[in-house]
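Enquirer: Would you mind keeping the following structure in view while I ask a few things?
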Amino acid sequence: MKRTKQKATIEQVIRALLDNDTPFSPTWLHRFSDLESSDLDKIKKIWLQINPERRLNLLRDLEDLAEADTLVSFDNLARFALEDSDMRVRAAAIDLLWECEDRHLVPVFLHMLEEDESPEVRAAAAKALGLFVYLGELEEIPETMQRQIEDALLDQFTSNEPKAVRLNALESLGYSQREEVIPLIQNAYFSNDTQWMSSALCAMGRSADPRWEPIVLKALDSPTPAIQVEAVRAAGELELKSARQPLLDMLENPEALDQDVYFAAIWSLSQIGGESVRETLEGLLDETEDDEEIDLLETALENLEFTEDDTIFQMFNFDIADEEDLRKASEEGDENQ
């Protein structure tokens, strides 16, 4: 009879955390998902006894796992780690909460953005607040809260804050529909600074604003990978049909592409859809033996199904004006019979 593998006890995990002579095994990481309050309390009691470098690596490993496995959640531990004495750990805790939509985090992140002594933490908070600007545009948080977040990000962007804070503030403001954000994105892009141009393109992709189409299309040919990859991503986020062929052309010679650009092109095509996209992605899947590329292509093909379904739905999603035109045309047709 096959034995069922037992779940590790929190005591075992704690002993492993405190054992500085032995690398912390990745097999323990799932044990931190959805921690019960009693288990979290036990970790809190010994947290500061853990080597700071080990605490930092733990949170970063948990973030990697959360990106790979959508079924895990480390929010409980991350919330606690926001108060860590080590600035690197605080920043990593913010990053670990990248998918948490709890509006109670907003005042915490705002405080960290404005008051934390570490620029690294302030930059992480500026980045994390982007999710809540997005939720505000979806009307899933109060308008007053969204306005407060945007005002804080605008203040940080126009301040003398370190560049990393201001770059992340701009990217988060990309989700905002406020008119004053548009010139900020424009000025950043035309600064001829690689980092500002990259962040501007990221903001363009988040804006859902077609005005950026000419800039994004031109940036697809950038010789600078950091700029090109953000242009590729923006083309996908904006679902630019005009970018389909340039992206398909890129994939004809993947060896000439930076790997991040290549992977971004695959995903963006799955967001855009249309002629030759499925055939191209399936062809790449048949040819590759790289596990990471296989996973991406399979996920992209799944996403393409949603894109294609949505396109079909939009074909029949007439607005009121369309319906009125159809009604009049039908009536005219009846009269002519």
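Please note that chains go A, B, ... in the order of the structure tokens, that every chain numbers its residues from 1, and that ligands are numbered from 1 in the order shown.
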Taking 3 positions as the minimum chain separation for residues in the same chain, which residues sit within 9 Å of region 258-262 of chain A when counting only C-alpha atoms? Answer as a list of chain:residue names.
Expert: A:Pro225, A:Ala226, A:Gln228, A:Val229, A:Glu230, A:Val232, A:Arg233, A:Met250, A:Leu251, A:Pro254, A:Glu255, A:Ala265, A:Ile266, A:Trp267
Enquirer: Would you save the residues of that selection, restricted to C-alpha atoms, as a PDB file, in the first residue's frame?
Expert:
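Below is the file out12.pdb, written as the result:
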ATOM      1  CA  PRO A 225      16.621  45.510 -26.330  1.00  0.00           C
ATOM      2  CA  ALA A 226      15.292  47.264 -23.202  1.00  0.00           C
ATOM      3  CA  GLN A 228      12.278  47.040 -27.958  1.00  0.00           C
ATOM      4  CA  VAL A 229      10.930  44.595 -25.376  1.00  0.00           C
ATOM      5  CA  GLU A 230       8.689  47.248 -23.815  1.00  0.00           C
ATOM      6  CA  VAL A 232       6.601  44.620 -28.019  1.00  0.00           C
ATOM      7  CA  ARG A 233       4.760  44.277 -24.722  1.00  0.00           C
ATOM      8  CA  MET A 250      10.510  39.044 -35.757  1.00  0.00           C
ATOM      9  CA  LEU A 251       9.728  35.411 -35.024  1.00  0.00           C
ATOM     10  CA  PRO A 254      14.492  34.257 -33.390  1.00  0.00           C
ATOM     11  CA  GLU A 255      18.269  33.779 -33.203  1.00  0.00           C
ATOM     12  CA  ALA A 265       6.687  38.787 -29.085  1.00  0.00           C
ATOM     13  CA  ILE A 266       5.142  35.356 -28.567  1.00  0.00           C
ATOM     14  CA  TRP A 267       2.898  36.603 -25.775  1.00  0.00           C
TER      15      TRP A 267
END
Enquirer: Which residues come within 9 Å of region 131-141 of chain A, counting only C-alpha atoms, excluding same-chain residues fewer than 3 positions away, as a list in words?
Expert: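 Near region 131-141 of chain A, the qualifying residues are Trp98, Glu99, Cys100, Glu101, Arg103, Val106, Lys127, Ala128, Thr144, Met145, Gln146, Arg147, Ile149, Glu150, Ser172, Leu173, Gly174, Tyr175, Ser176, Gln177 and Arg206 of chain A.
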Enquirer: Write the residues of the preceding selection, restricted to N, CA and C atoms, as a short mmCIF file (atom, residue, chain, number, x, y, z; two decimals), in the first residue's frame.
Expert:
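Contents of part-v5.cif, as written:
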data_model
loop_
_atom_site.label_atom_id
_atom_site.label_comp_id
_atom_site.auth_asym_id
_atom_site.auth_seq_id
_atom_site.Cartn_x
_atom_site.Cartn_y
_atom_site.Cartn_z
N TRP A 98 2.32 41.28 -5.08
CA TRP A 98 2.04 41.86 -6.40
C TRP A 98 0.65 41.55 -6.93
N GLU A 99 0.01 40.48 -6.46
CA GLU A 99 -1.33 40.13 -6.95
C GLU A 99 -2.42 40.40 -5.93
N CYS A 100 -2.07 40.87 -4.76
CA CYS A 100 -3.07 41.05 -3.69
C CYS A 100 -3.88 42.32 -3.94
N GLU A 101 -5.18 42.18 -4.05
CA GLU A 101 -6.07 43.30 -4.38
C GLU A 101 -6.77 43.88 -3.15
N ARG A 103 -7.71 46.32 -0.61
CA ARG A 103 -7.57 47.78 -0.55
C ARG A 103 -6.98 48.27 0.78
N VAL A 106 -3.53 49.74 0.62
CA VAL A 106 -3.28 51.05 0.02
C VAL A 106 -2.66 52.03 1.01
N LYS A 127 5.65 50.92 -7.43
CA LYS A 127 5.29 49.87 -8.38
C LYS A 127 4.01 49.15 -7.95
N ALA A 128 3.92 48.81 -6.67
CA ALA A 128 2.77 48.04 -6.17
C ALA A 128 1.48 48.83 -6.28
N THR A 144 -12.28 58.15 -4.47
CA THR A 144 -11.43 58.98 -3.61
C THR A 144 -10.10 58.29 -3.32
N MET A 145 -10.14 56.99 -3.16
CA MET A 145 -8.91 56.24 -2.92
C MET A 145 -8.01 56.25 -4.15
N GLN A 146 -8.61 56.05 -5.32
CA GLN A 146 -7.83 56.09 -6.55
C GLN A 146 -7.18 57.46 -6.72
N ARG A 147 -7.94 58.52 -6.44
CA ARG A 147 -7.42 59.88 -6.58
C ARG A 147 -6.24 60.09 -5.62
N ILE A 149 -4.18 57.85 -4.47
CA ILE A 149 -3.02 57.10 -4.98
C ILE A 149 -2.37 57.87 -6.12
N GLU A 150 -3.18 58.32 -7.07
CA GLU A 150 -2.64 59.04 -8.23
C GLU A 150 -1.93 60.32 -7.81
N SER A 172 3.19 53.08 -13.00
CA SER A 172 1.91 52.88 -12.31
C SER A 172 0.86 53.87 -12.79
N LEU A 173 1.29 55.09 -13.07
CA LEU A 173 0.35 56.10 -13.57
C LEU A 173 -0.13 55.78 -14.98
N GLY A 174 0.55 54.87 -15.66
CA GLY A 174 0.12 54.48 -16.99
C GLY A 174 -1.32 53.98 -17.02
N TYR A 175 -1.78 53.38 -15.92
CA TYR A 175 -3.16 52.89 -15.87
C TYR A 175 -4.18 54.03 -15.75
N SER A 176 -3.73 55.20 -15.33
CA SER A 176 -4.63 56.31 -15.04
C SER A 176 -5.11 57.00 -16.32
N GLN A 177 -6.35 57.43 -16.30
CA GLN A 177 -6.92 58.17 -17.42
C GLN A 177 -6.84 59.68 -17.22
N ARG A 206 -0.12 50.19 -20.75
CA ARG A 206 -1.13 50.07 -19.69
C ARG A 206 -2.30 51.04 -19.88
#
Enquirer: Hey, which bits of region 241-299 of chain A sit within 12 Å of region 60-69 of chain A, and for each residue what's the closest pair of atoms and how far apart in Å (one decimal), counting only C-alpha atoms, rows by chain and increasing number, as a Markdown table?
Expert:
| residue | atom | partner | partner_atom | distance |
| --- | --- | --- | --- | --- |
| A:Glu292 | CA | A:Ala68 | CA | 11.3 |
| A:Asp295 | CA | A:Ala68 | CA | 10.5 |
| A:Leu296 | CA | A:Ala68 | CA | 11.3 |
| A:Thr299 | CA | A:Ala68 | CA | 11.8 |
Enquirer: Those same residues, written as a PDB file, in the first residue's frame with N, CA and C atoms?
Expert:
ATOM      1  N   GLU A 292      11.283  25.902 -21.063  1.00  0.00           N
ATOM      2  CA  GLU A 292      10.722  27.229 -20.765  1.00  0.00           C
ATOM      3  C   GLU A 292       9.937  27.768 -21.952  1.00  0.00           C
ATOM      4  N   ASP A 295       6.609  25.847 -22.324  1.00  0.00           N
ATOM      5  CA  ASP A 295       5.594  26.319 -21.375  1.00  0.00           C
ATOM      6  C   ASP A 295       4.984  27.634 -21.842  1.00  0.00           C
ATOM      7  N   LEU A 296       5.831  28.551 -22.304  1.00  0.00           N
ATOM      8  CA  LEU A 296       5.330  29.846 -22.762  1.00  0.00           C
ATOM      9  C   LEU A 296       4.423  29.689 -23.977  1.00  0.00           C
ATOM     10  N   THR A 299       1.048  28.198 -23.059  1.00  0.00           N
ATOM     11  CA  THR A 299       0.219  29.195 -22.381  1.00  0.00           C
ATOM     12  C   THR A 299      -0.264  30.250 -23.363  1.00  0.00           C
TER      13      THR A 299
END
Enquirer: Find the distance between CA of Ala203 (chain A) and CA of Glu171 (chain A) and write it in Å to one decimal.
Expert: 4.7 Å
Enquirer: For Val108 (chain A), which residue out of A:Glu161, A:Glu302, A:Glu279, A:Glu83 is the nearest one, using only C-alpha atoms?
Expert: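 Closest residue, counting only C-alpha atoms: A:Glu83.
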Enquirer: Run DSSP on the backbone and tell me which residues of region 60-295 of chain A come out as alpha helix (DSSP H); list them as a PyMOL selection string.
Expert: chain A and resi 60-68+75-81+87-96+105-115+119-137+143-157+163-173+181-189+194-207+213-219+225-237+244-251+259-272+277-287+291-295
Enquirer: Taking 5 positions as the minimum chain separation for residues in the same chain, which residues sit within 8 Å of Leu82 (chain A) when counting only C-alpha atoms? Answer as a compact mmCIF listing (two decimals) with N, CA and C atoms, in the first residue's frame.
Expert:
# COMPACT_ATOMS: atom_id res chain seq x y z
N VAL A 89 14.31 43.30 2.74
CA VAL A 89 13.22 42.37 3.05
C VAL A 89 11.88 43.08 2.90
N ARG A 90 11.81 44.34 3.36
CA ARG A 90 10.56 45.10 3.20
C ARG A 90 10.20 45.24 1.72
N ALA A 91 11.19 45.56 0.91
CA ALA A 91 10.93 45.69 -0.53
C ALA A 91 10.49 44.37 -1.14
N ALA A 93 8.96 41.99 0.41
CA ALA A 93 7.61 41.70 0.90
C ALA A 93 6.57 42.43 0.05
N ILE A 94 6.85 43.67 -0.32
CA ILE A 94 5.94 44.40 -1.21
C ILE A 94 5.81 43.67 -2.54
